[in-house]
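This report concerns only the one structure given below.
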Number of protein chains: 2
Amino acid sequence: MRLLFIGFGTVGQGLAELLIEKKEQLAADHGFNWTVVGICDPLKGSLYDPQGLDLKAALTAAAAGESLSNWSSACDWDAEKMIAEADADVMLEATYTDIKTGQPATGYVRAAIERGMSVTTTNKGPLALHARELVELADSKGVHFLYEGTVMSGTPLLNLVRETLTGCEVREMKGILNGTTNYILSEMEGGLSYADALDQAQKLGYAEAVPDADVLGWDALAKVTILANVVFGGALSPSDSPCEGITEITADDIEKAKANDQRYKLIGRVWRDGDAVRASVGPQLVEMSHPLAGVMGATNAMTVTTDALGDVTVVGPGAGRVETGYSMLVDLLHIGRMR
Amino acid sequence: MRLLFIGFGTVGQGLAELLIEKKEQLAADHGFNWTVVGICDPLKGSLYDPQGLDLKAALTAAAAGESLSNWSSACDWDAEKMIAEADADVMLEATYTDIKTGQPATGYVRAAIERGMSVTTTNKGPLALHARELVELADSKGVHFLYEGTVMSGTPLLNLVRETLTGCEVREMKGILNGTTNYILSEMEGGLSYADALDQAQKLGYAEAVPDADVLGWDALAKVTILANVVFGGALSPSDSPCEGITEITADDIEKAKANDQRYKLIGRVWRDGDAVRASVGPQLVEMSHPLAGVMGATNAMTVTTDALGDVTVVGPGAGRVETGYSMLVDLLHIGRMR
């Protein structure tokens with residue numbers, strides 16, 4: 001399988017590490033053999049060699065913050081040119097998420113599919129805003145478009161529903177889709193104020209300097225929109241659903257909840273309402289006996305309510321270099337199996 | 001797909017209900033079309049018709065406790081004869097589990113595979129005692145042998161590992177594999193004595209009149225042995241692993257644990273120890289912050305520790321008529337996809 005990296009930051013490097021580490025095992029266990037023909041990153045530069053690049057050397061250089069522009073395979077192609085010219089089977093799209101416009105990632109995904117490449121992405125933008133169009137385009141071109149890492153990183157959620165709950169009717173999904181806010185709420189229960197807990201999350205790298213996307217619920221909103229559209233077949237935009245963050249929750253609220261054997265969680269929820277699909281994000285009191293209540297720290301979790309099994313809950317990492325890189329590896333293995 | 005039911009008790013009927021309810025959806029969404037050609041049950045009798053039986057009528061009769069022996073398609077074939085004579089693609093084995101001998105289920109599975117049928121079973125006996133032999137036999141015959149329901153009923157665990165954690169290295173599995181004991185421990189935390197909690201579990205149908213298989217850990221032991229052999233590639237018998245139940249845990253122990261922010265759970269565990277695979281069952285103190293601690297009542301849960309993702313936990317039903325029936329449906333869909 002001839003691979004093209006568009007974006008070679010944290011997630012791309014996490015995937016590269018796994019591809020290198022597991023090369024022999026992937027060939028032996030899955031008949032999966034890969035060659036990287038192109039890497040294109042706005043900061044690090046572009047490499048292209050149809051005979052295959054040295055991924056290990058590229059990973060070492062990128063991890064050390066070195067430019068790739070003096071390599072013999074370096075070229076001046078930007079992402080658009082790379083996608084138009086490269087001879088690749090699968091594009092690995094892991095550029096920065098812009099949840100307002102979905103760009104430039106949506107353009108990259110569209111162009112790659114148009115050229116007949118399969119695509120895996122971890123970028124929430126294209127899926128939250130253009131899921132249906134891109135899925136239909138991929139179907140019409142006979143290629144595969146997978147995006148396991150857009151929700152809960154490598155923790156199986158989309159695959160859980162598609163592969164292991166196949167034949168079930170999914171009636172509702174609700175869970176903790178943002179690790180940063182779950183970490184802050186957990187620390188507040190330990191006695192910190194909201195401001196101190198946020199400060200600590202920023203120091204640990206869980207929260208950005210401008211934490212709005214997490215604490216106001218926008219990140220979780222993008223994820224429930226993806227679930228509404230790809231699992232429930234809806235056609236929602238993020239702005240269609242109510243969204244409230246955790247900034248109004250006080251230490252006092254948390255104490256009161258505890259006294260009632262309850263706990264505040266920032267809950268993303270998707271459900272059917274007659275023929276419509278609805279989604280919401282907001283703080284909710286969860287009974288201590290519910291599996292979501294015990295999910296503490298930067299972990300994510302989702303309860304999937306089905307007809308045949310009732311509730312099935314999956315708990316796992318929602319971020320991380322190798323964890324998100326793994327989501328692209330599992331997508332590649334599924335693409336390999338489907339081809 | 002031509003189906004043969006061996007055993008038409010609770011689980012077989014749960015599957016039959018799903019097959020009937022979802023017939024159109026399975027055809028439309030999965031291209032899955034089925035005909036039941038044979039049903040063989042030691043209490044209800046045997047039916048065989050190569051043109052296809054009326055499953056709905058058979059389900060209604062069986063659910064009402066009626067014999068099938070006066071039907072026009074009735075025959076006097078026992079299970080061995082049915083397996084030897086029936087023209088079927090897949091045998092659905094859901095007879096009573098004998099965890100000491102694995103019989104008669106192991107004989108049925110072996111005979112069906114020898115005849116070139118694929119098999120799905122929910123029976124722990126054949127898997128805990130003869131997993132490797134049966135898997136190798138199925139491979140050599142070019143048929144499929146699936147058994148999702150043997151651990152955590154229809155909650156995806158074997159499929160979670162195989163389909164959605166593919167490419168990960170599984171390092172350890174530990175979890176709550178017996179709902180009865182988890183229910184008793186949960187009720188004891190609510191203030192009941194062990195004897196009263198057991199009594200309540202028996203009244204609710206969670207525990208048998210002779211509750212040894214649950215409370216002494218044998219049921220969980222069968223399940224960890226299955227995981228050790230099919231996920232970790234081990235060659236363990238149940239008797240190879242230490243096994244302790246919950247009968248020695250007192251209300252006092254539970255109170256003390258609570259004071260330390262811990263909770264007793266009956267934990268089944270499988271792990272690698274150098275080249276060896278080890279398994280154990282016994283009560284363990286779990287930190288309240290661990291996802292397993294919050295799993296209360298008759299629910300099951302398993303934490304899978306992997307190289308790429310760290311811990312992923314799945315929580316869901318561990319028993320139930322439709323829930324276990326669903327495990328056979330998902331096996332059938334996977335068999336359909338692989339054929």
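Simple scheme: letters A, B, ... for chains in structure tokens order, numbers from 1 for residues in each chain, numbers from 1 for ligands in the order shown.
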Least-squares superpose chain A on chain B across all ordered C-alpha pairs, then write out what you get as a short mmCIF file (atom, residue, chain, number, x, y, z; two decimals) with C-alpha atoms, in the first residue's frame.
```cif
data_model
loop_
_atom_site.label_atom_id
_atom_site.label_comp_id
_atom_site.auth_asym_id
_atom_site.auth_seq_id
_atom_site.Cartn_x
_atom_site.Cartn_y
_atom_site.Cartn_z
CA MET A 1 -27.33 -19.12 4.58
CA ARG A 2 -28.82 -22.46 5.65
CA LEU A 3 -28.95 -22.63 9.45
CA LEU A 4 -29.16 -25.53 11.87
CA PHE A 5 -30.10 -24.96 15.54
CA ILE A 6 -28.62 -27.48 17.97
CA GLY A 7 -30.28 -26.54 21.23
CA PHE A 8 -33.39 -24.39 21.11
CA GLY A 9 -33.61 -23.12 24.67
CA THR A 10 -33.28 -19.58 25.94
CA VAL A 11 -30.32 -18.53 23.78
CA GLY A 12 -31.51 -20.26 20.61
CA GLN A 13 -34.90 -18.62 21.01
CA GLY A 14 -33.26 -15.22 21.62
CA LEU A 15 -31.39 -15.58 18.34
CA ALA A 16 -34.53 -16.78 16.54
CA GLU A 17 -36.38 -13.70 17.73
CA LEU A 18 -33.66 -11.40 16.36
CA LEU A 19 -33.47 -13.26 13.03
CA ILE A 20 -37.22 -12.88 12.56
CA GLU A 21 -37.43 -9.26 13.77
CA LYS A 22 -34.48 -8.11 11.66
CA LYS A 23 -34.99 -10.28 8.57
CA GLU A 24 -35.57 -7.41 6.13
CA GLN A 25 -32.92 -5.16 7.64
CA LEU A 26 -30.30 -7.92 7.54
CA ALA A 27 -31.04 -8.56 3.88
CA ALA A 28 -31.00 -4.86 2.98
CA ASP A 29 -28.02 -3.71 5.06
CA HIS A 30 -25.82 -6.81 4.99
CA GLY A 31 -27.02 -8.91 2.04
CA PHE A 32 -27.70 -11.54 4.67
CA ASN A 33 -30.50 -13.99 3.88
CA TRP A 34 -31.22 -17.03 5.99
CA THR A 35 -33.28 -20.21 6.04
CA VAL A 36 -33.52 -22.51 9.03
CA VAL A 37 -33.41 -26.11 7.82
CA GLY A 38 -33.17 -27.91 11.16
CA ILE A 39 -33.89 -27.54 14.86
CA CYS A 40 -32.84 -30.14 17.38
CA ASP A 41 -33.56 -29.83 21.08
CA PRO A 42 -33.51 -32.65 23.64
CA LEU A 43 -36.69 -31.38 25.33
CA LYS A 44 -38.68 -30.01 22.41
CA GLY A 45 -37.84 -32.53 19.69
CA SER A 46 -36.35 -32.30 16.21
CA LEU A 47 -37.52 -30.69 12.97
CA TYR A 48 -35.86 -30.97 9.59
CA ASP A 49 -36.92 -29.63 6.22
CA PRO A 50 -34.33 -28.89 3.54
CA GLN A 51 -36.84 -26.44 2.01
CA GLY A 52 -36.84 -24.41 5.22
CA LEU A 53 -38.84 -24.45 8.45
CA ASP A 54 -41.28 -21.86 9.73
CA LEU A 55 -39.01 -20.34 12.40
CA LYS A 56 -41.70 -18.05 13.74
CA ALA A 57 -44.08 -20.93 14.42
CA ALA A 58 -41.27 -22.96 15.99
CA LEU A 59 -40.35 -20.02 18.23
CA THR A 60 -43.94 -19.53 19.34
CA ALA A 61 -44.31 -23.23 20.15
CA ALA A 62 -40.97 -23.44 21.97
CA ALA A 63 -41.63 -20.27 23.98
CA ALA A 64 -44.98 -21.77 25.05
CA GLY A 65 -43.19 -24.95 26.14
CA GLU A 66 -44.92 -27.04 23.45
CA SER A 67 -43.31 -30.09 21.88
CA LEU A 68 -42.44 -29.93 18.18
CA SER A 69 -42.86 -33.67 17.71
CA ASN A 70 -46.27 -33.61 16.02
CA TRP A 71 -45.17 -31.22 13.25
CA SER A 72 -45.10 -32.50 9.67
CA SER A 73 -41.36 -31.77 9.56
CA ALA A 74 -40.71 -33.58 12.86
CA CYS A 75 -38.18 -36.41 12.85
CA ASP A 76 -36.60 -38.67 15.43
CA TRP A 77 -33.02 -37.55 14.75
CA ASP A 78 -30.94 -36.79 17.80
CA ALA A 79 -28.26 -34.09 17.61
CA GLU A 80 -25.55 -36.45 16.28
CA LYS A 81 -27.83 -37.74 13.53
CA MET A 82 -29.04 -34.23 12.69
CA ILE A 83 -25.48 -32.94 12.34
CA ALA A 84 -24.56 -35.97 10.20
CA GLU A 85 -27.54 -35.66 7.89
CA ALA A 86 -28.65 -32.03 7.66
CA ASP A 87 -27.74 -29.97 4.62
CA ALA A 88 -26.74 -26.74 6.41
CA ASP A 89 -24.05 -24.05 6.06
CA VAL A 90 -23.83 -23.03 9.69
CA MET A 91 -24.54 -24.87 12.94
CA LEU A 92 -25.82 -22.69 15.81
CA GLU A 93 -24.71 -24.54 18.92
CA ALA A 94 -26.48 -23.40 22.08
CA THR A 95 -26.79 -26.45 24.30
CA TYR A 96 -26.19 -26.63 28.04
CA THR A 97 -22.62 -25.89 29.21
CA ASP A 98 -20.78 -28.67 31.03
CA ILE A 99 -17.56 -27.00 32.06
CA LYS A 100 -16.00 -30.21 33.40
CA THR A 101 -16.29 -32.36 30.26
CA GLY A 102 -17.21 -29.83 27.57
CA GLN A 103 -19.68 -32.44 26.31
CA PRO A 104 -21.85 -33.05 24.47
CA ALA A 105 -21.20 -29.65 22.86
CA THR A 106 -17.57 -30.35 21.90
CA GLY A 107 -18.62 -33.45 20.01
CA TYR A 108 -21.31 -31.51 18.15
CA VAL A 109 -18.89 -28.74 17.19
CA ARG A 110 -16.25 -31.21 16.03
CA ALA A 111 -18.74 -33.21 13.96
CA ALA A 112 -20.21 -30.13 12.29
CA ILE A 113 -16.78 -28.74 11.38
CA GLU A 114 -15.70 -32.16 10.09
CA ARG A 115 -18.73 -32.11 7.78
CA GLY A 116 -17.70 -28.67 6.47
CA MET A 117 -20.19 -26.52 8.37
CA SER A 118 -19.20 -23.23 9.94
CA VAL A 119 -20.14 -23.03 13.62
CA THR A 120 -21.13 -20.38 16.13
CA THR A 121 -21.49 -21.34 19.77
CA THR A 122 -22.22 -19.62 23.07
CA ASN A 123 -21.09 -22.69 25.00
CA LYS A 124 -18.07 -22.15 27.25
CA GLY A 125 -17.25 -25.87 27.53
CA PRO A 126 -15.76 -26.49 24.07
CA LEU A 127 -13.79 -23.23 24.18
CA ALA A 128 -12.44 -23.51 27.73
CA LEU A 129 -11.29 -27.10 27.14
CA HIS A 130 -10.64 -27.56 23.43
CA ALA A 131 -10.25 -24.11 21.85
CA ARG A 132 -7.01 -24.73 20.03
CA GLU A 133 -8.00 -28.12 18.60
CA LEU A 134 -11.34 -26.80 17.33
CA VAL A 135 -9.87 -23.59 15.87
CA GLU A 136 -7.20 -25.60 14.04
CA LEU A 137 -9.77 -28.11 12.81
CA ALA A 138 -11.93 -25.28 11.43
CA ASP A 139 -8.88 -23.75 9.72
CA SER A 140 -7.96 -27.07 8.17
CA LYS A 141 -11.51 -27.55 6.88
CA GLY A 142 -11.74 -23.98 5.54
CA VAL A 143 -14.78 -23.14 7.63
CA HIS A 144 -15.43 -20.45 10.25
CA PHE A 145 -15.73 -21.07 13.98
CA LEU A 146 -16.88 -18.11 16.06
CA TYR A 147 -17.87 -17.88 19.73
CA GLU A 148 -18.39 -14.23 20.67
CA GLY A 149 -21.07 -15.15 23.21
CA THR A 150 -18.85 -17.37 25.36
CA VAL A 151 -17.44 -14.31 27.19
CA MET A 152 -19.69 -11.36 28.17
CA SER A 153 -22.57 -12.67 25.99
CA GLY A 154 -23.27 -10.23 23.13
CA THR A 155 -21.14 -7.40 24.54
CA PRO A 156 -18.28 -7.16 22.07
CA LEU A 157 -15.09 -8.43 23.66
CA LEU A 158 -13.61 -11.07 21.35
CA ASN A 159 -14.76 -8.97 18.38
CA LEU A 160 -13.49 -5.81 20.07
CA VAL A 161 -10.02 -7.30 20.21
CA ARG A 162 -10.08 -8.95 16.78
CA GLU A 163 -11.88 -6.27 14.76
CA THR A 164 -11.30 -2.94 16.46
CA LEU A 165 -7.99 -3.40 18.30
CA THR A 166 -6.42 -5.21 15.36
CA GLY A 167 -2.75 -4.36 15.04
CA CYS A 168 -2.49 -3.66 18.79
CA GLU A 169 -0.55 -5.96 21.06
CA VAL A 170 -2.77 -7.08 23.94
CA ARG A 171 -0.69 -7.24 27.11
CA GLU A 172 -3.28 -7.90 29.80
CA MET A 173 -7.01 -8.33 30.21
CA LYS A 174 -8.72 -7.97 33.54
CA GLY A 175 -12.34 -7.55 34.39
CA ILE A 176 -15.66 -8.58 35.80
CA LEU A 177 -16.82 -11.66 33.93
CA ASN A 178 -19.56 -12.93 36.22
CA GLY A 179 -22.69 -10.83 36.70
CA THR A 180 -24.09 -12.86 39.59
CA THR A 181 -21.14 -12.25 41.90
CA ASN A 182 -20.95 -8.60 40.88
CA TYR A 183 -24.61 -8.26 41.78
CA ILE A 184 -24.04 -9.89 45.18
CA LEU A 185 -21.03 -7.66 45.95
CA SER A 186 -23.03 -4.58 44.89
CA GLU A 187 -25.92 -5.52 47.17
CA MET A 188 -23.54 -6.21 50.07
CA GLU A 189 -22.22 -2.67 49.70
CA GLY A 190 -25.85 -1.57 50.04
CA GLY A 191 -25.93 -3.27 53.44
CA LEU A 192 -27.01 -6.88 52.84
CA SER A 193 -25.12 -9.83 54.27
CA TYR A 194 -23.61 -12.31 51.82
CA ALA A 195 -26.39 -14.81 52.56
CA ASP A 196 -29.15 -12.26 52.03
CA ALA A 197 -27.57 -10.91 48.85
CA LEU A 198 -27.24 -14.45 47.48
CA ASP A 199 -30.84 -15.16 48.40
CA GLN A 200 -31.94 -12.06 46.52
CA ALA A 201 -29.83 -13.02 43.47
CA GLN A 202 -31.50 -16.44 43.50
CA LYS A 203 -34.98 -14.90 43.72
CA LEU A 204 -34.21 -12.65 40.73
CA GLY A 205 -32.94 -15.60 38.70
CA TYR A 206 -29.32 -14.32 38.60
CA ALA A 207 -28.03 -17.21 40.72
CA GLU A 208 -28.79 -20.92 40.51
CA ALA A 209 -30.20 -22.92 43.45
CA VAL A 210 -26.69 -24.42 43.69
CA PRO A 211 -24.70 -21.24 43.18
CA ASP A 212 -21.19 -22.77 43.24
CA ALA A 213 -20.30 -22.17 39.58
CA ASP A 214 -20.80 -18.45 40.10
CA VAL A 215 -19.78 -17.75 43.70
CA LEU A 216 -16.72 -20.02 43.69
CA GLY A 217 -15.44 -18.34 40.51
CA TRP A 218 -15.67 -21.36 38.16
CA ASP A 219 -17.74 -19.50 35.56
CA ALA A 220 -15.22 -16.64 35.47
CA LEU A 221 -12.41 -19.21 35.35
CA ALA A 222 -13.88 -20.80 32.21
CA LYS A 223 -14.00 -17.36 30.61
CA VAL A 224 -10.44 -16.31 31.47
CA THR A 225 -9.26 -19.68 30.16
CA ILE A 226 -11.02 -18.95 26.87
CA LEU A 227 -9.37 -15.52 26.68
CA ALA A 228 -5.96 -16.98 27.57
CA ASN A 229 -6.24 -19.48 24.76
CA VAL A 230 -7.92 -17.55 21.96
CA VAL A 231 -6.62 -14.00 22.54
CA PHE A 232 -3.19 -14.76 24.03
CA GLY A 233 -2.53 -18.00 22.15
CA GLY A 234 -2.06 -19.98 25.35
CA ALA A 235 -2.80 -23.63 26.01
CA LEU A 236 -4.34 -23.49 29.50
CA SER A 237 -6.89 -25.75 31.10
CA PRO A 238 -9.17 -24.25 33.76
CA SER A 239 -7.36 -26.28 36.41
CA ASP A 240 -4.03 -24.59 35.55
CA SER A 241 -5.03 -21.27 37.12
CA PRO A 242 -5.70 -20.19 40.70
CA CYS A 243 -9.38 -19.58 41.35
CA GLU A 244 -11.03 -18.07 44.40
CA GLY A 245 -14.65 -17.00 44.77
CA ILE A 246 -16.45 -14.39 46.86
CA THR A 247 -17.77 -16.60 49.64
CA GLU A 248 -15.18 -15.41 52.15
CA ILE A 249 -15.86 -11.69 51.66
CA THR A 250 -17.69 -10.13 54.59
CA ALA A 251 -19.73 -6.97 54.95
CA ASP A 252 -16.90 -5.76 57.16
CA ASP A 253 -14.32 -6.22 54.35
CA ILE A 254 -16.53 -4.20 52.05
CA GLU A 255 -16.91 -1.38 54.57
CA LYS A 256 -13.16 -1.23 55.15
CA ALA A 257 -12.51 -1.11 51.40
CA LYS A 258 -14.99 1.73 50.99
CA ALA A 259 -13.23 3.72 53.70
CA ASN A 260 -10.02 3.39 51.62
CA ASP A 261 -11.79 4.51 48.44
CA GLN A 262 -11.62 0.97 47.10
CA ARG A 263 -14.14 -1.70 46.15
CA TYR A 264 -13.98 -5.52 46.00
CA LYS A 265 -14.60 -7.02 42.58
CA LEU A 266 -14.28 -10.63 41.47
CA ILE A 267 -11.55 -10.11 38.89
CA GLY A 268 -10.67 -12.48 36.09
CA ARG A 269 -7.23 -11.70 34.75
CA VAL A 270 -5.04 -12.92 31.88
CA TRP A 271 -1.50 -11.72 31.28
CA ARG A 272 1.84 -12.59 29.75
CA ASP A 273 4.63 -13.73 32.04
CA GLY A 274 7.70 -13.95 29.80
CA ASP A 275 6.73 -16.51 27.17
CA ALA A 276 4.00 -18.01 29.33
CA VAL A 277 0.35 -17.02 29.49
CA ARG A 278 -1.14 -16.83 32.98
CA ALA A 279 -4.70 -16.49 34.22
CA SER A 280 -6.37 -16.11 37.58
CA VAL A 281 -9.73 -15.48 39.20
CA GLY A 282 -10.20 -13.97 42.63
CA PRO A 283 -11.55 -11.04 44.61
CA GLN A 284 -9.41 -7.93 44.26
CA LEU A 285 -9.51 -4.46 45.69
CA VAL A 286 -10.01 -2.01 42.83
CA GLU A 287 -9.29 1.70 43.27
CA MET A 288 -12.50 3.73 43.05
CA SER A 289 -10.98 5.77 40.20
CA HIS A 290 -10.62 2.67 37.96
CA PRO A 291 -13.37 2.16 35.35
CA LEU A 292 -14.04 -1.34 36.74
CA ALA A 293 -14.89 0.03 40.19
CA GLY A 294 -18.04 1.77 38.96
CA VAL A 295 -19.47 -1.35 37.31
CA MET A 296 -22.35 -2.34 39.59
CA GLY A 297 -25.12 -4.93 39.49
CA ALA A 298 -25.22 -7.87 37.08
CA THR A 299 -23.10 -6.07 34.47
CA ASN A 300 -19.79 -7.33 33.06
CA ALA A 301 -16.71 -5.31 32.12
CA MET A 302 -13.22 -5.90 30.81
CA THR A 303 -10.14 -3.69 30.68
CA VAL A 304 -7.84 -4.56 27.79
CA THR A 305 -4.29 -3.22 28.17
CA THR A 306 -2.58 -2.66 24.83
CA ASP A 307 0.69 -1.25 23.55
CA ALA A 308 -0.71 1.54 21.38
CA LEU A 309 -3.78 2.63 23.37
CA GLY A 310 -3.02 1.77 26.96
CA ASP A 311 -6.26 0.70 28.67
CA VAL A 312 -9.54 0.31 26.81
CA THR A 313 -12.52 -0.83 28.89
CA VAL A 314 -15.80 -2.22 27.62
CA VAL A 315 -18.85 -2.49 29.88
CA GLY A 316 -22.07 -4.27 29.00
CA PRO A 317 -24.44 -7.15 29.66
CA GLY A 318 -22.89 -10.53 30.46
CA ALA A 319 -26.02 -12.63 30.09
CA GLY A 320 -29.59 -12.53 28.85
CA ARG A 321 -31.75 -14.24 26.26
CA VAL A 322 -31.63 -11.64 23.49
CA GLU A 323 -28.16 -10.36 24.49
CA THR A 324 -26.62 -13.82 24.11
CA GLY A 325 -28.75 -14.52 21.04
CA TYR A 326 -27.26 -11.36 19.51
CA SER A 327 -23.75 -12.78 19.93
CA MET A 328 -24.71 -15.54 17.51
CA LEU A 329 -26.24 -13.02 15.09
CA VAL A 330 -23.05 -10.97 14.98
CA ASP A 331 -21.08 -14.19 14.45
CA LEU A 332 -23.38 -15.06 11.55
CA LEU A 333 -22.86 -11.62 9.99
CA HIS A 334 -19.09 -12.04 10.26
CA ILE A 335 -19.30 -15.53 8.76
CA GLY A 336 -21.42 -14.08 5.96
CA ARG A 337 -18.85 -11.39 5.30
CA MET A 338 -15.92 -13.83 5.32
CA ARG A 339 -17.48 -16.43 3.02
#
```
Please extract the residues of region 14-191 of chain A with a backbone DSSP assignment of strand (DSSP E) and present them as a compact mmCIF listing (two decimals) with C-alpha atoms, in the first residue's frame.
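Saved result, result21.txt, follows:
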```txt
# COMPACT_ATOMS: atom_id res chain seq x y z
CA THR A 35 5.66 2.17 1.37
CA VAL A 36 5.53 5.89 2.07
CA VAL A 37 5.87 7.76 -1.21
CA GLY A 38 5.18 11.31 -0.01
CA ILE A 39 5.22 13.53 3.05
CA CYS A 40 3.93 17.07 2.98
CA ASP A 41 3.97 19.33 6.01
CA GLY A 45 8.59 20.71 3.95
CA SER A 46 7.72 18.13 1.31
CA LEU A 47 9.32 14.87 0.22
CA TYR A 48 8.30 12.73 -2.72
CA ALA A 74 12.66 17.16 -1.23
CA CYS A 75 10.37 19.10 -3.54
CA VAL A 90 -4.07 6.08 0.53
CA MET A 91 -3.81 9.64 1.80
CA LEU A 92 -3.20 10.00 5.56
CA GLU A 93 -4.71 13.37 6.40
CA SER A 118 -8.64 6.08 -0.23
CA VAL A 119 -8.38 8.42 2.75
CA THR A 120 -8.01 8.18 6.50
CA THR A 121 -8.22 11.33 8.59
CA PHE A 145 -12.91 6.91 3.54
CA LEU A 146 -12.33 6.16 7.23
CA VAL A 170 -28.29 2.21 17.83
CA ARG A 171 -30.87 4.29 19.67
CA GLU A 172 -28.75 6.74 21.64
CA MET A 173 -25.13 7.58 22.31
CA LYS A 174 -24.05 9.63 25.27
CA GLY A 175 -20.67 10.13 26.79
CA ILE A 176 -17.58 12.04 27.71
```
